[in-house]
Every structure is written in C-alpha cells, then in structure tokens.
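So the structure is just underneath, and the comments pick up after that.
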Amino acid sequence: MSEKATIILDGKNYELPVITGTENEKAIDISKLRAQSGYVTYDEGYKNTGATISNVTFLDGELGILRYRGYSIEELAEKASFTEVSYLLLYGELPTAQQLANFEHELTNHTLVHENLVKVFEVFPTRSHPMGQLMTLMSALSSFYPDSLNPNVHPDEVNTTIIRLLAKMPTICSMIYKKGKGHPVLYPQNKYDYVTNFLYMTFGDVTQEYMADPVVVDAMNKLLILHADHEQNCSASTVRIVGSSHANLYASISAGVAALWGPRHGGANQEVLEMLEHIQTVDKGDVKKVVAEAKDKKRLLYGFGHRVYKNFDPRAKIIKVACDNVLKKLKVNDPLLDIAKELEEAALNDPYFVERKLYPNVDFYSGIIYKALGFPTPMFTVLFALGRMPGWISQWKEMRERKEDIGRPRQIYNGATLRPYIDLKNRK
Ligand code: SDX
C-alpha cells in the first residue's frame with residue numbers, strides 16, 4: 001500500500017500521495033493540492049520543495065554524500081577523467097573504452113569556434129568581467145548554430161548541439177583569459193586531451209612549445225570533476241526552468257551562467273580569495289577579529305555554509321587535500337593557504353558556526369588552487385562554469401526527456417486590494 005499524507009484544511013481531510021526515491025528520500029506530492037483544496041504551499045527559496053524527480057546526482061547534506069549517477073565523488077575524483085565523468089552525467093553510464101574514445105573524438109572535432117565569435121571578443125572592454133563575457137558568448141552560440149534553436153528535434157541533433165557546447169567551452173574560457181591578458185588567442189590542438197587542450201590554450205603562448213605539467217593536468221581534472229554537477233542548485237534550477245519554456249540549450253545555459261555569477265553561489269570562489277587577501281592585508285591576519293565580525297553579522301565568511309550541506313561539503317575535503325599536494329608539488333608557498341586553514345580552524349571550533357552547521361564548502365579551497373595554477377581571481381567562476389557544464393547540460397537534457405511542463409511557481413499576493421484609479425490632477 002503506497003504511503004499517503006493527510007492534510008486537514010477547513011475541517012476537511014485531503015490525502016496526498018508520498019513519493020519515495022531510490023535513496024529513501026520522501027516527498028509529499030502536492031501537484032493536486034490546489035485543485036482539491038484551493039490552497040498552495042509557500043516555501044521561500046524552495047528550501048523544502050522538490051522541483052523534479054532526477055536520476056542525475058544524489059547528495060545527502062546531513063551525511064556529506066555526493067554521487068553522480070550512483071558513483072561516489074571520492075571514487076570519481078580519484079579514478080576518472082573529466083570527459084569520462086561528463087559522459088557518465090550525460091548518458092547515465094560509465095563509458096566503455098570505445099565509447100569514451102568516440103566521445104572524446106567527437107569533442108575534439110568541435111573545439112573550434114566560428115571566427116565571427118572570436119570577433120565578438122574584440123568589442124568587450126579589456127577589464128569586463130569574465131562571467132559577463134561568458135554569458136554573452138553562450139547565448140551568442142545560438143546565433144551561430146540556428147539549427148539549435150528548436151530543442152524539439154531528433155535526439156541525435158540535440159546531441160550534436162550538446163557536443164558543440166561541451167567542446168567549445170574550454171576554447172571560449174581560454175579566449176576570455178587571453179582577452180584579459182591582452183595576449184593572442186591560441187587555437188585548440190587535436191593532439192591534446194580535453195583538459196590539456198584547455199591548459200594549452202590558456203597558459204600556452206605563440207612564442208614557445210607548451211609543456212603540460214602533469215600535476216596541473218591532474219589537479220584540473222579533479223577540480224572540474226568536483227564541480228561537474230550538484231543536483232538542483234540555483235544555477236541548475238535556472239537552466240531547467242529556462243529550458244522548460246522550450247528555450248534552446250545555449251539560451252538556457254547562458255541563464256545558468258548568470259545565476260552562477262552571484263557571490264552567494266559560484267561567485268563565492270572569487271569572493272573567498274578576495275576575503276583571504278583582505279584578511280592578509282587590511283585585517284593584518286587577525287582571524288579572530290574576522291570571525292568575531294562574522295558572528296556580529298558585519299561580514300559573511302565566503303566559502304562557509306551551504307544551503308544543503310549541514311556537514312562537511314565532501315568536495316571541500318578532497319580539494320583541501322589536493323590544495324596541499326598541488327602547492328607542495330609546484331613549490332608554491334601561499335600565505336593565503338595558512339590564513340585559510342587558520343580561519344577554518346577558528347570557525348570549526350566556534351559554537352556560532354558549529355550550531356549553524358557552517359562548514360567550508362566547495363569554494364573555500366578551490367580559489368587557492370586556481371591561484372597556484374596561475375589563474376587570476378576574476379577567472380575563478382568561469383572555471384566553476386567549465387566544470388559545471390556537463391551537469392547543467394545533463395539537467396537540461398533530463399528535463400527535456402521527462403517532457404516536464406513549463407515551470408511556473410505560484411505566490412501569495414500581499415499587495416494593495418482593489419482601489420479606484422485617481423486622475424493625475426486629483427493626486428496630492
Ligand atoms: C555554492 O546549492 C548548491 O549546491 C551550490 C553549490 C553548487 O555546487 O552548486 O554547492 C555551490 O554555491 C556553494 C555556496 C557558496 N556560497 C558561499 O560561500 C557564500 C557564503 N555562504 C552563505 O551565503 C550561505 O551559507 C549560503 C547562501 C551558501 C547558504 O545559506 P543558508 O543555508 O540559507 O543559510 P542562511 O543564510 O539561512 O544562514 C543561516 C545562519 C544565519 O545566521 P542566523 O540568522 O541563524 O543568526 O548562518 C549564517 C546566517 O547569517 N551564515 C553565515 C554564513 N552563511 C550563513 N554567517 C557567516 N558566514 C557565512 N558564510
């Protein structure tokens with residue numbers, strides 16, 4: 001007998017079905033509540049509301065669990081490549097060697113962008129924020145691939161649109177980096193794998209042969225895997241709701257980039273580094289003062305807290321270890337890492353943070369690695385987007401395949417009730 005929930009409204013009982021997922025998560029299905037009772041539910045920020053039933057990513061905020069299609073983030077970060085994880089998220093299964101080779105071959109054949117897209121870069125002011133550029137270029141792709149405008153075409157055609165986006169993302173991200181440096185853009189080289197190609201296009205230069213550092217390639221693969229998806233976060237939900245209007249993939253992803261830009265979401269990794277630099281310079285390393293100010297709500301500790309994780313963010317744990325390793329191997333001695341560790345120690349031993357379950361999140365250590373790898377701070381959220389791309393696309397693809405209805409939340413109106421129009425001459 002399937003589980004039911006009973007709500008009593010105005011003395012009347014309403015029975016609502018309960019949905020149970022494969023990890024025993026439970027939800028009350030209220031899709032018929034308004035029709036039956038006239039009531040809607042209210043949940044600002046959707047903290048307690050499931051917007052979909054998804055097979056892509058499972059996370060348990062209390063236990064600090066994160067899995068892509070059932071595989072733990074710990075195993076994937078340790079054993080898989082980013083293209084392997086992208087395939088897994090997109091198609092639901094780990095690829096065989098042949099499937100992975102075909103997938104990577106397809107990606108390699110779509111890495112170039114239209115020359116006129118390169119010209120779009122020329123109009124950006126040099127110091128324009130990389131995320132603003134990325135948003136523009138994502139939606140610009142729909143102009144260069146008009147056959148992508150209709151998402152209701154044969155799945156093979158949709159897949160080509162997906163491959164184009166995934167393949168061109170590293171090229172576009174590296175162009176944004178080069179634009180910021182005023183350096184010539186480097187074109188993708190088919191001899192390199194996905195991540196090495198991105199590092200070549202970013203850190204290579206026209207004057208000399210590029211030698212990829214295996215430490216950097218490994219760290220980049222890990223970081224991209226750790227950022228690849230995170231179920232119904234703000235930007236993924238944005239991609240899904242824009243896509244639910246049958247907007248094309250590029251427009252939906254451009255909206256996701258916009259949502260990620262916010263400092264409470266993906267923009268936090270840039271804020272974390274700027275916060276650590278502020279602590280080092282303005283606060284003269286006085287971590288105790290910083291924690292006290294955060295407790296007095298005078299400042300936010302970027303990189304701490306999470307809407308879902310009320311335990312350690314499993315990604316933060318992995319990135320912290322990778323951070324130590326990368327800085328050691330690259331012989332980088334960054335005092336910001338010491339400040340970060342001191343801040344983490346102070347916060348995790350302070351009842352204010354412990355009671356509010358404010359642990360370091362994915363953004364807390366990632367910026368330190370990105371800095372050690374040579375990326376400027378304004379590029380950090382672009383790197384988050386590079387990692388999150390397969391996740392966003394997988395969420396959009398699943399929403400389309402589930403043929404989900406257009407997203408249209410309800411509200412409770414609390415404004416003025418009916419009142420007559422007053423002519424301008426009579427208004428005081
Ligand atoms: C990402 O959703 C995802 O999955 C996102 C993400 C992904 O992979 O897509 O994981 C990526 O966005 C990670 C989060 C990065 N953002 C930051 O690091 C910004 C700093 N964090 C805060 O803005 C905040 O923690 C949120 C927005 C992330 C989560 O906010 P919640 O869960 O809604 O918590 P809250 O705002 O209700 O705060 C609860 C209490 C409040 O104090 P009280 O009112 O109870 O006294 O904790 C305090 C807050 O003031 N608090 C913080 C804090 N975060 C919350 N105090 C100081 N520093 C912080 N960072």
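Starting from 1 in every chain, residues are counted up; chains themselves are A, B, ... following the order of the structure tokens, and ligands are numbered from 1 as listed.
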
| Can you list every residue in stretch 1-187 of chain A that DSSP puts in strand (DSSP E), as a list in words? | Lys4, Ala5, Thr6, Ile7, Ile8, Leu9, Lys12, Asn13, Tyr14, Glu15, Leu16, Pro17, Val18, Ile19, Thr20, Lys26, Ala27, Ile28, Thr57, Phe58, Leu59, Asp60, Ile65, Leu66, Arg67, Tyr68, Tyr71 and Ser72 of chain A

Could the residues in this selection be written to a file with N, CA and C atoms, as a CSV table (one decimal), in the first residue's frame?
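For reference, result-v9.csv as written:
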```
chain,number,residue,atom,x,y,z
A,4,LYS,N,0.7,7.6,2.3
A,4,LYS,CA,-0.1,8.8,2.0
A,4,LYS,C,0.2,9.8,3.1
A,5,ALA,N,0.0,11.1,2.7
A,5,ALA,CA,0.0,12.2,3.8
A,5,ALA,C,-1.4,12.8,3.8
A,6,THR,N,-1.9,13.1,5.0
A,6,THR,CA,-3.2,13.7,5.2
A,6,THR,C,-3.1,15.1,5.7
A,7,ILE,N,-3.7,16.0,5.0
A,7,ILE,CA,-3.7,17.4,5.4
A,7,ILE,C,-5.1,17.8,5.8
A,8,ILE,N,-5.3,18.4,6.9
A,8,ILE,CA,-6.7,18.8,7.3
A,8,ILE,C,-6.8,20.3,7.1
A,9,LEU,N,-7.7,20.7,6.2
A,9,LEU,CA,-7.9,22.1,5.9
A,9,LEU,C,-9.4,22.5,6.0
A,12,LYS,N,-11.6,19.7,6.6
A,12,LYS,CA,-11.7,18.6,5.6
A,12,LYS,C,-10.3,17.9,5.4
A,13,ASN,N,-10.4,16.6,5.3
A,13,ASN,CA,-9.1,15.8,5.1
A,13,ASN,C,-8.8,15.7,3.6
A,14,TYR,N,-7.5,16.0,3.3
A,14,TYR,CA,-7.0,15.8,2.0
A,14,TYR,C,-5.9,14.8,2.0
A,15,GLU,N,-6.0,13.7,1.3
A,15,GLU,CA,-5.0,12.7,1.2
A,15,GLU,C,-4.1,13.0,0.0
A,16,LEU,N,-2.8,13.0,0.3
A,16,LEU,CA,-1.8,13.3,-0.8
A,16,LEU,C,-0.8,12.2,-0.9
A,17,PRO,N,-0.5,11.8,-2.1
A,17,PRO,CA,0.5,10.7,-2.2
A,17,PRO,C,1.9,11.1,-1.8
A,18,VAL,N,2.6,10.1,-1.3
A,18,VAL,CA,4.0,10.3,-0.9
A,18,VAL,C,4.9,9.6,-1.9
A,19,ILE,N,5.9,10.3,-2.4
A,19,ILE,CA,6.9,9.8,-3.4
A,19,ILE,C,8.1,9.3,-2.6
A,20,THR,N,8.7,8.2,-2.8
A,20,THR,CA,9.9,7.7,-2.2
A,20,THR,C,10.9,7.4,-3.3
A,26,LYS,N,11.9,11.2,0.8
A,26,LYS,CA,10.4,11.2,0.7
A,26,LYS,C,9.9,12.6,0.4
A,27,ALA,N,8.8,12.6,-0.4
A,27,ALA,CA,8.2,13.9,-0.7
A,27,ALA,C,6.7,13.7,-0.8
A,28,ILE,N,6.0,14.8,-0.3
A,28,ILE,CA,4.6,14.8,-0.4
A,28,ILE,C,4.2,15.4,-1.8
A,57,THR,N,22.1,13.3,-10.1
A,57,THR,CA,23.0,13.4,-8.9
A,57,THR,C,22.2,13.2,-7.6
A,58,PHE,N,22.9,12.5,-6.7
A,58,PHE,CA,22.3,12.4,-5.3
A,58,PHE,C,23.2,13.0,-4.3
A,59,LEU,N,22.7,13.9,-3.5
A,59,LEU,CA,23.5,14.3,-2.4
A,59,LEU,C,22.7,14.3,-1.1
A,60,ASP,N,23.5,14.0,0.0
A,60,ASP,CA,22.9,14.0,1.3
A,60,ASP,C,23.6,15.0,2.2
A,65,ILE,N,27.2,13.3,1.6
A,65,ILE,CA,27.4,12.4,0.5
A,65,ILE,C,27.1,13.1,-0.9
A,66,LEU,N,27.9,12.8,-1.9
A,66,LEU,CA,27.7,13.3,-3.2
A,66,LEU,C,28.0,12.2,-4.2
A,67,ARG,N,27.0,11.9,-5.1
A,67,ARG,CA,27.2,10.8,-6.1
A,67,ARG,C,26.7,11.3,-7.4
A,68,TYR,N,27.4,11.0,-8.5
A,68,TYR,CA,26.9,11.2,-9.9
A,68,TYR,C,26.5,9.9,-10.4
A,71,TYR,N,27.7,6.9,-8.6
A,71,TYR,CA,29.2,6.7,-8.3
A,71,TYR,C,29.6,7.8,-7.3
A,72,SER,N,30.4,7.5,-6.3
A,72,SER,CA,30.8,8.5,-5.3
A,72,SER,C,31.8,9.5,-5.8
```

| request: Return as a PyMOL selection string every polymer residue, whether protein, DNA or RNA, with at least one atom no more than 7 Å from an atom of ligand 1; count only C-alpha atoms and all ligand atoms. | output: chain A and resi 227+229-235+263-266+268+294-295+297+299-308+356+358+361-363

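With only C-alpha atoms as the atoms that count, the residue of A:Leu107, A:Ala259, A:Ala35, A:Leu249 with the shortest distance to A:Ala385 is A:Ala259.
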
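Excluding A:Ala51 and any residue on its chain fewer than 3 positions from it, the residues at most 9 Å away by only C-alpha atoms are Tyr46, Gln232, Ser237 and Gly407 of chain A.
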
| message | Just to confirm, what's the straight-line distance from atom CA of A:His110 to atom CA of A:Met211 in Å (one decimal)? | response | 23.3 Å

| request: Could you give me, as a ChimeraX atom specification, the residues within 12 Å of A:Ala140, counting only C-alpha atoms and dropping anything in the same chain fewer than 2 positions from it? | output: /A:113-114,116-121,133-138,142-146,148-149,165,172,248-254

Give me a file of those residues, with N, CA and C atoms, as a PDB file, in the first residue's frame.
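Ended up saving to again.pdb:
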```
ATOM      1  N   VAL A 113      35.706  27.523 -32.583  1.00  0.00           N
ATOM      2  CA  VAL A 113      34.515  28.384 -32.619  1.00  0.00           C
ATOM      3  C   VAL A 113      34.528  29.159 -33.937  1.00  0.00           C
ATOM      4  N   HIS A 114      33.334  29.640 -34.344  1.00  0.00           N
ATOM      5  CA  HIS A 114      33.218  30.421 -35.578  1.00  0.00           C
ATOM      6  C   HIS A 114      34.108  31.675 -35.443  1.00  0.00           C
ATOM      7  N   ASN A 116      33.713  34.551 -36.412  1.00  0.00           N
ATOM      8  CA  ASN A 116      32.971  35.766 -36.015  1.00  0.00           C
ATOM      9  C   ASN A 116      32.705  35.800 -34.518  1.00  0.00           C
ATOM     10  N   LEU A 117      32.723  34.598 -33.884  1.00  0.00           N
ATOM     11  CA  LEU A 117      32.574  34.587 -32.425  1.00  0.00           C
ATOM     12  C   LEU A 117      33.840  35.164 -31.792  1.00  0.00           C
ATOM     13  N   VAL A 118      34.982  34.891 -32.423  1.00  0.00           N
ATOM     14  CA  VAL A 118      36.236  35.478 -31.928  1.00  0.00           C
ATOM     15  C   VAL A 118      36.145  36.999 -32.026  1.00  0.00           C
ATOM     16  N   LYS A 119      35.469  37.473 -33.104  1.00  0.00           N
ATOM     17  CA  LYS A 119      35.342  38.936 -33.272  1.00  0.00           C
ATOM     18  C   LYS A 119      34.476  39.549 -32.161  1.00  0.00           C
ATOM     19  N   VAL A 120      33.516  38.746 -31.644  1.00  0.00           N
ATOM     20  CA  VAL A 120      32.651  39.264 -30.564  1.00  0.00           C
ATOM     21  C   VAL A 120      33.531  39.691 -29.379  1.00  0.00           C
ATOM     22  N   PHE A 121      34.614  38.932 -29.168  1.00  0.00           N
ATOM     23  CA  PHE A 121      35.526  39.270 -28.054  1.00  0.00           C
ATOM     24  C   PHE A 121      36.091  40.667 -28.200  1.00  0.00           C
ATOM     25  N   GLN A 133      31.286  38.155 -20.024  1.00  0.00           N
ATOM     26  CA  GLN A 133      31.693  37.721 -21.362  1.00  0.00           C
ATOM     27  C   GLN A 133      31.146  36.316 -21.644  1.00  0.00           C
ATOM     28  N   LEU A 134      31.270  35.433 -20.642  1.00  0.00           N
ATOM     29  CA  LEU A 134      30.844  34.032 -20.833  1.00  0.00           C
ATOM     30  C   LEU A 134      29.332  33.959 -21.093  1.00  0.00           C
ATOM     31  N   MET A 135      28.571  34.725 -20.319  1.00  0.00           N
ATOM     32  CA  MET A 135      27.105  34.750 -20.516  1.00  0.00           C
ATOM     33  C   MET A 135      26.775  35.137 -21.955  1.00  0.00           C
ATOM     34  N   THR A 136      27.461  36.205 -22.425  1.00  0.00           N
ATOM     35  CA  THR A 136      27.206  36.726 -23.774  1.00  0.00           C
ATOM     36  C   THR A 136      27.545  35.679 -24.824  1.00  0.00           C
ATOM     37  N   LEU A 137      28.695  35.037 -24.643  1.00  0.00           N
ATOM     38  CA  LEU A 137      29.167  34.092 -25.658  1.00  0.00           C
ATOM     39  C   LEU A 137      28.331  32.823 -25.672  1.00  0.00           C
ATOM     40  N   MET A 138      27.809  32.424 -24.533  1.00  0.00           N
ATOM     41  CA  MET A 138      26.945  31.242 -24.503  1.00  0.00           C
ATOM     42  C   MET A 138      25.681  31.516 -25.325  1.00  0.00           C
ATOM     43  N   SER A 142      23.850  30.507 -30.000  1.00  0.00           N
ATOM     44  CA  SER A 142      22.561  30.206 -30.659  1.00  0.00           C
ATOM     45  C   SER A 142      22.459  30.962 -31.994  1.00  0.00           C
ATOM     46  N   SER A 143      23.213  32.068 -32.116  1.00  0.00           N
ATOM     47  CA  SER A 143      23.197  32.813 -33.393  1.00  0.00           C
ATOM     48  C   SER A 143      24.031  32.087 -34.445  1.00  0.00           C
ATOM     49  N   PHE A 144      25.069  31.390 -33.979  1.00  0.00           N
ATOM     50  CA  PHE A 144      25.952  30.726 -34.941  1.00  0.00           C
ATOM     51  C   PHE A 144      25.452  29.340 -35.311  1.00  0.00           C
ATOM     52  N   TYR A 145      24.554  28.799 -34.497  1.00  0.00           N
ATOM     53  CA  TYR A 145      24.019  27.455 -34.784  1.00  0.00           C
ATOM     54  C   TYR A 145      22.495  27.511 -34.739  1.00  0.00           C
ATOM     55  N   PRO A 146      21.907  28.146 -35.737  1.00  0.00           N
ATOM     56  CA  PRO A 146      20.443  28.326 -35.736  1.00  0.00           C
ATOM     57  C   PRO A 146      19.668  27.009 -35.659  1.00  0.00           C
ATOM     58  N   SER A 148      20.127  24.901 -33.625  1.00  0.00           N
ATOM     59  CA  SER A 148      20.000  24.518 -32.203  1.00  0.00           C
ATOM     60  C   SER A 148      18.787  25.190 -31.561  1.00  0.00           C
ATOM     61  N   LEU A 149      18.156  26.095 -32.305  1.00  0.00           N
ATOM     62  CA  LEU A 149      17.092  26.901 -31.684  1.00  0.00           C
ATOM     63  C   LEU A 149      15.877  26.065 -31.304  1.00  0.00           C
ATOM     64  N   LEU A 165      28.589  22.428 -27.562  1.00  0.00           N
ATOM     65  CA  LEU A 165      28.717  23.297 -26.381  1.00  0.00           C
ATOM     66  C   LEU A 165      29.841  22.804 -25.482  1.00  0.00           C
ATOM     67  N   ILE A 172      36.349  28.769 -25.453  1.00  0.00           N
ATOM     68  CA  ILE A 172      35.783  30.073 -25.074  1.00  0.00           C
ATOM     69  C   ILE A 172      36.367  30.556 -23.745  1.00  0.00           C
ATOM     70  N   ASN A 248      16.140  27.264 -26.273  1.00  0.00           N
ATOM     71  CA  ASN A 248      17.219  26.366 -26.729  1.00  0.00           C
ATOM     72  C   ASN A 248      18.279  26.194 -25.656  1.00  0.00           C
ATOM     73  N   LEU A 249      19.144  25.203 -25.844  1.00  0.00           N
ATOM     74  CA  LEU A 249      20.156  24.854 -24.845  1.00  0.00           C
ATOM     75  C   LEU A 249      21.084  26.021 -24.544  1.00  0.00           C
ATOM     76  N   TYR A 250      21.537  26.729 -25.596  1.00  0.00           N
ATOM     77  CA  TYR A 250      22.523  27.800 -25.374  1.00  0.00           C
ATOM     78  C   TYR A 250      21.912  28.927 -24.538  1.00  0.00           C
ATOM     79  N   ALA A 251      20.653  29.244 -24.796  1.00  0.00           N
ATOM     80  CA  ALA A 251      19.987  30.295 -24.004  1.00  0.00           C
ATOM     81  C   ALA A 251      19.820  29.832 -22.559  1.00  0.00           C
ATOM     82  N   SER A 252      19.464  28.561 -22.382  1.00  0.00           N
ATOM     83  CA  SER A 252      19.272  28.018 -21.017  1.00  0.00           C
ATOM     84  C   SER A 252      20.584  28.036 -20.241  1.00  0.00           C
ATOM     85  N   ILE A 253      21.668  27.679 -20.907  1.00  0.00           N
ATOM     86  CA  ILE A 253      22.976  27.655 -20.250  1.00  0.00           C
ATOM     87  C   ILE A 253      23.436  29.081 -19.941  1.00  0.00           C
ATOM     88  N   SER A 254      23.150  30.016 -20.834  1.00  0.00           N
ATOM     89  CA  SER A 254      23.528  31.412 -20.584  1.00  0.00           C
ATOM     90  C   SER A 254      22.865  31.914 -19.309  1.00  0.00           C
TER      91      SER A 254
END
```

| request: Compile the contact shell of A:Pro184 as a ChimeraX atom specification: residues with an atom at most 8 Å away, counting only C-alpha atoms, same-chain residues fewer than 2 positions apart removed. | output: /A:178-179,182,186,205-206

| task | May I have the residues within 10 Å of A:Phe384 as a ChimeraX atom specification, using only C-alpha atoms and disregarding those fewer than 4 positions away in the same chain? | result | /A:223-224,226-228,257,260-261,266-267,269,363,366,379-380,388-389

| Expected answer as a PyMOL selection string: helix (DSSP H, G or I) residues in stretch 115-324 of chain A | chain A and resi 115-123+130-144+146-148+155-181+194-203+214-226+234-243+249-261+268-281+287-295+314-324

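Distances from A:Met201, A:Glu44, A:Pro409, A:Thr111 to A:Met169 were compared using only C-alpha atoms, and the smallest one belongs to A:Thr111.
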
| request: Write out as a ChimeraX atom specification the residues lying within 9 Å of A:Val215, counting only C-alpha atoms and excluding same-chain residues fewer than 4 positions away. | output: /A:219-220,325-326,329-330

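Compared by their closest atoms to A:Leu89, and using only C-alpha atoms, the residues A:Ala77, A:Ile393, A:Val216, A:Val195 rank with A:Ile393 nearest.
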
| task | To one decimal in Å, tell me the separation between atom CA of A:Leu112 and atom CA of A:Ile176. | result | 14.5 Å

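Nearest to A:Ala236 of all the residues A:Asn102, A:Gln395, A:Ser174, A:Thr41 is A:Gln395, counting only C-alpha atoms.
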
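When only C-alpha atoms are used to measure the gap to A:Gly61, the shortest distance among A:Tyr210, A:Phe312, A:Phe124, A:Trp392 belongs to A:Phe312.
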
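Take atom CA of A:Pro170 and atom CA of A:Leu273: the distance between them is 22.9 Å.
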